[in-house]
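Enquirer: Take this structure first; my questions come after.
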Amino acid sequence: MKQFKVFLREDEIPKQWYNIQADLPSPLQPPLHPATGKPIGPQDLAPVFPMNLIEQEVSTQRWIDIPEGVMEKLLIWRPTPLHRAYALEKALDTPARIYYKNEGVSPPGSHKPNTAVAQAYYNKVFGIKRITTETGAGQWGSALSFACCLYGLECKVYMVRISFDQKPYRRIMMNTWGATCVPSPSKDTNAGRKILEENPDSPGSLGIAISEAIEDAVTSKDTRYSLGSVLNHVLMHQTIIGLEAKKQLEKIGEKKVDVVTGCAGGGSNFAGLAFPFVLDKINGADITIIPAEPTSCPTMTRAPFVYDHGDTARMTPLLPMHSLGHAFIPPPIHAGGLRYHGIAPLVSQLINEGLITPRAYNQLECYAAAVLWARTEGQIPAPETSHAIAVVIEEAKKAKEEGKEKVILLNWSGHGLMDLGGYDSYFSGKLVDYPLPEEEMRKSLKAIEGLPRPPVVRKGKSV
Amino acid sequence: MIEEYDDLLIRCPMLGGEVPFRYCRTLSEELPCRKIIICWEFRIEIGKFLSEHYSLDQIEKAFSPPTKTRIETIVELIEKAKKIKEEGE
């Protein structure tokens with residue numbers, strides 16, 4: 001009888017997180033304070049993050065123990081199952097063996113609670129009573145609401161108003177877990193009131209919601225702010241996904257993994273599965289590790305690694321990121337809007353080191369991949385998860401062409417049951433793709449040639 | 001007419017959901033989102049659209065604010081919020 005799923009017993013769950021900062025061939029270049037140009041230090045962040053999380057943010061210790069107080073909450077849904085995607089393999093007629101880590105089984109339906117729970121715990125032990133955050137479509141907001149509920153913390157979520165109106169079920173999830181979710185801009189903060197005075201019908205933006213959440217955290221008693229991606233400690237909390245997957249692959253008898261993939265928006269989903277395998281690669285394993293992104297927003301696949309000054313006065317560097325470059329906007333419109341799109345610095349550095357190889361896929365290809373997945377494996381993926389599914393399909397077809405029995409591993413990061421509007425748009429033909437022509441990209445990159453670049457360091461040496 | 005493309009949909013990479021073009025063109029105090037060109041340039045004639053419907057000053061206003069990394073944004077917002085807190089005390 002075929003084995004469709006691999007489970008770990010609860011006592012087999014990894015007891016430590018993996019911190020890739022210990023093994024980076026070149027250390028991360030520190031983010032710089034926009035006002036002083038000096039590296040941002042713990043005290044700069046202390047008003048919004050508890051010091052125990054700030055310590056994790058800068059730690060270079062390879063393994064960090066998962067506290068018992070975190071573990072007992074993770075065990076509500078972890079270890080998550082590793083599935084073999086037999087039906088997809090059959091549909092693709094591939095010799096590849098496709099496995100996926102099902103992070104959709106968490107109560108909020110995605111990988112996000114892996115860090116939400118840890119962050120809520122560390123805030124709790126630091127004496128914090130209340131956490132604020134922002135959310136776009138609601139995935140992070142619902143994960144943090146769930147986590148705060150587990151630890152008896154108050155939670156206030158500022159949800160971008162257009163999503164608040166479009167996605168009532170996400171809001172209801174947050175309310176069910178006891179969180180307060182308000183549309184942003186709100187009347188609850190100076191930042192929100194100012195926007196509403198000028199435009200009572202403002203649909204909101206992520207920027208406004210972040211402003212509100214941080215203002216609330218800084219001005220309220222016993223309150224801190226929480227972020228669901230990008231930061232180093234957030235990515236580290238997610239590594240439990242990859243660490244579990246390694247044990248599960250061993251259990252089912254796989255000795256080698258050929259391809260590891262996850263989608264990369266802010267980077268936590270990809271990092272969670274991939275970083276433990278990046279360690280293997282650093283130690284000599286032959287693995288292709290692929291973060292996937294949309295072509296409409298090519299942050300990783302086509303942009304160079306630069307210090308990109310977002311403003312014309314070149315006053316606001318300074319975190320080295322993969323950037324799209326200034327000249328993307330034709331005259332008379334200049335620089336402003338086009339900086340990087342927020343991929344985590346750790347992911348940027350791994351690209352720079354050549355340890356991971358990003359790919360971009362257009363939205364129609366991704367939705368087609370998601371639909372094929374739903375019609376074979378049954379589960380409806382979150383739209384962002386579909387980017388990684390597109391990688392799986394491409395690699396499985398390649399394995400067929402090469403006649404190789406490759407092992408492909410995917411982070412199936414969440415279900416799409418709260419995102420069916422996107423599927424509806426796809427089925428009704430309302431989504432269209434227009435990838436960026438190479439010539440336009442070359443022109444835009446030429447314009448940033450004169451800007452200062454950070455030292456590109458690979459394997460500890462400037463290149 | 002400025003509403004010409006309002007019903008076209010795109011997946012907003014920041015929000016993680018579909019939004020109509022109207023959202024992109026009114027995001028910032030009724031002015032366009034700073035990412036409107038990168039998201040829409042190869043779907044519609046976005047440069048032409050902007051030049052037809054916005055003055056140079058409006059375009060400057062919409063696109064000139066510096067973009068920052070998340071950590072820079074957080075540090076700046078902390079400083080702003082500290083001032084609000086001080087004024088309130």
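Simple scheme: letters A, B, ... for chains in structure tokens order, numbers from 1 for residues in each chain, numbers from 1 for ligands in the order shown.
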Based on only C-alpha atoms, which of the residues in chain B come within 8 Å of chain A? I want them as a PyMOL selection string.

Expert: chain B and resi 8-11+13-18+23+27+29+33-35+37-39+42-43+47+56+59-60+63-72+74-78+80-82+84-85

Enquirer: Might you pull out every residue within 8 Å of Cys149 in chain A, with only C-alpha atoms counted and same-chain residues fewer than 6 positions away left off, and present them as a ChimeraX atom specification?

Expert: /A:177-179

Enquirer: Taking N, CA and C atoms for each residue, export the selection above as a compact mmCIF listing (two decimals), in the first residue's frame.

Expert:
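Result file is result-v4.txt:
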# COMPACT_ATOMS: atom_id res chain seq x y z
N TRP A 177 -11.21 34.94 17.75
CA TRP A 177 -10.09 34.68 18.67
C TRP A 177 -9.91 35.82 19.67
N GLY A 178 -10.83 36.74 19.68
CA GLY A 178 -10.84 37.77 20.72
C GLY A 178 -10.09 39.03 20.38
N ALA A 179 -9.59 39.14 19.17
CA ALA A 179 -8.85 40.34 18.79
C ALA A 179 -9.80 41.45 18.35

Enquirer: Could you check the closest approach to His53 in chain B for each of B:Leu31, B:Trp40, B:Gly88, B:Phe21 and tell me which residue wins, using only C-alpha atoms?

Expert: B:Leu31

Enquirer: What residues in chain B get the DSSP label alpha helix (DSSP H)? Please answer as a PyMOL selection string.

Expert: chain B and resi 21-26+36-40+46-53+56-63+70-88

Enquirer: Using C-alpha atoms, can you export the residues from the last selection as a PDB file, in the first residue's frame?

Expert:
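And here is the file that came out, selection10.pdb:
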ATOM      1  CA  PHE B  21      -7.116  50.045 -10.730  1.00  0.00           C
ATOM      2  CA  ARG B  22      -9.157  52.681  -8.937  1.00  0.00           C
ATOM      3  CA  TYR B  23      -7.432  51.710  -5.693  1.00  0.00           C
ATOM      4  CA  CYS B  24      -4.019  52.118  -7.288  1.00  0.00           C
ATOM      5  CA  ARG B  25      -4.808  55.567  -8.671  1.00  0.00           C
ATOM      6  CA  THR B  26      -6.306  56.948  -5.457  1.00  0.00           C
ATOM      7  CA  ILE B  36       1.425  52.151  -9.957  1.00  0.00           C
ATOM      8  CA  ILE B  37       3.872  52.229 -12.836  1.00  0.00           C
ATOM      9  CA  ILE B  38       5.709  49.063 -11.989  1.00  0.00           C
ATOM     10  CA  CYS B  39       2.456  47.195 -11.519  1.00  0.00           C
ATOM     11  CA  TRP B  40       0.594  48.596 -14.503  1.00  0.00           C
ATOM     12  CA  ILE B  46       0.258  54.190 -17.623  1.00  0.00           C
ATOM     13  CA  GLY B  47       2.671  57.008 -18.494  1.00  0.00           C
ATOM     14  CA  LYS B  48       0.093  58.506 -20.833  1.00  0.00           C
ATOM     15  CA  PHE B  49      -2.636  58.035 -18.259  1.00  0.00           C
ATOM     16  CA  LEU B  50      -0.673  59.864 -15.602  1.00  0.00           C
ATOM     17  CA  SER B  51       0.327  62.741 -17.826  1.00  0.00           C
ATOM     18  CA  GLU B  52      -3.286  63.177 -19.013  1.00  0.00           C
ATOM     19  CA  HIS B  53      -4.844  63.204 -15.576  1.00  0.00           C
ATOM     20  CA  LEU B  56       3.492  67.637 -12.750  1.00  0.00           C
ATOM     21  CA  ASP B  57       3.155  68.828  -9.156  1.00  0.00           C
ATOM     22  CA  GLN B  58       0.723  66.026  -8.379  1.00  0.00           C
ATOM     23  CA  ILE B  59       3.016  63.485  -9.973  1.00  0.00           C
ATOM     24  CA  GLU B  60       5.943  64.886  -8.021  1.00  0.00           C
ATOM     25  CA  LYS B  61       3.901  64.658  -4.830  1.00  0.00           C
ATOM     26  CA  ALA B  62       2.809  61.102  -5.521  1.00  0.00           C
ATOM     27  CA  PHE B  63       6.227  59.771  -6.405  1.00  0.00           C
ATOM     28  CA  ARG B  70      10.512  47.916   6.558  1.00  0.00           C
ATOM     29  CA  ILE B  71      13.044  48.333   9.321  1.00  0.00           C
ATOM     30  CA  GLU B  72      13.739  51.942   8.299  1.00  0.00           C
ATOM     31  CA  THR B  73      10.022  52.613   8.211  1.00  0.00           C
ATOM     32  CA  ILE B  74       9.624  51.178  11.688  1.00  0.00           C
ATOM     33  CA  VAL B  75      12.457  53.272  13.110  1.00  0.00           C
ATOM     34  CA  GLU B  76      11.045  56.452  11.569  1.00  0.00           C
ATOM     35  CA  LEU B  77       7.540  55.709  12.802  1.00  0.00           C
ATOM     36  CA  ILE B  78       8.854  55.035  16.290  1.00  0.00           C
ATOM     37  CA  GLU B  79      10.433  58.497  16.338  1.00  0.00           C
ATOM     38  CA  LYS B  80       7.174  60.090  15.150  1.00  0.00           C
ATOM     39  CA  ALA B  81       5.123  58.201  17.706  1.00  0.00           C
ATOM     40  CA  LYS B  82       7.494  59.152  20.518  1.00  0.00           C
ATOM     41  CA  LYS B  83       6.862  62.803  19.683  1.00  0.00           C
ATOM     42  CA  ILE B  84       3.104  62.245  19.761  1.00  0.00           C
ATOM     43  CA  LYS B  85       3.479  60.578  23.135  1.00  0.00           C
ATOM     44  CA  GLU B  86       5.589  63.424  24.499  1.00  0.00           C
ATOM     45  CA  GLU B  87       3.075  66.021  23.296  1.00  0.00           C
ATOM     46  CA  GLY B  88       0.265  64.108  24.959  1.00  0.00           C
TER      47      GLY B  88
END

Enquirer: Of the candidates A:Gly262, A:Pro276, A:Gly267, A:Pro113, which shows the shortest atom-to-atom distance to Ala245 in chain A, using only C-alpha atoms?

Expert: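 Among the listed residues, the smallest separation from Ala245 in chain A belongs to A:Pro276.
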
Enquirer: Which residues come within 9 Å of range 180-183 of chain A, counting only C-alpha atoms, excluding same-chain residues fewer than 2 positions away, as a ChimeraX atom specification?

Expert: /A:141,145,154-165,171-172,174-175,178,185-186,188,203-204,209

Enquirer: As JSON, numbers by chain, please: the residues near Tyr100 in chain A (cut-off 12 Å, only C-alpha atoms, same-chain neighbours under 4 positions excluded).

Expert: {"A": [4, 5, 6, 80, 81, 82, 83, 84, 85, 86, 88, 104, 241, 242, 244, 245, 246, 248, 249, 259, 260, 261, 262, 273, 373, 377, 379, 381, 385, 388, 389, 392, 407, 408, 409, 410, 411, 412, 413, 414]}

Enquirer: Go ahead and compute the interatomic distance for CA of Ala91 in chain A and CA of Thr376 in chain A, in Å to one decimal.

Expert: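 CA of Thr376 in chain A lies 7.4 Å from CA of Ala91 in chain A.
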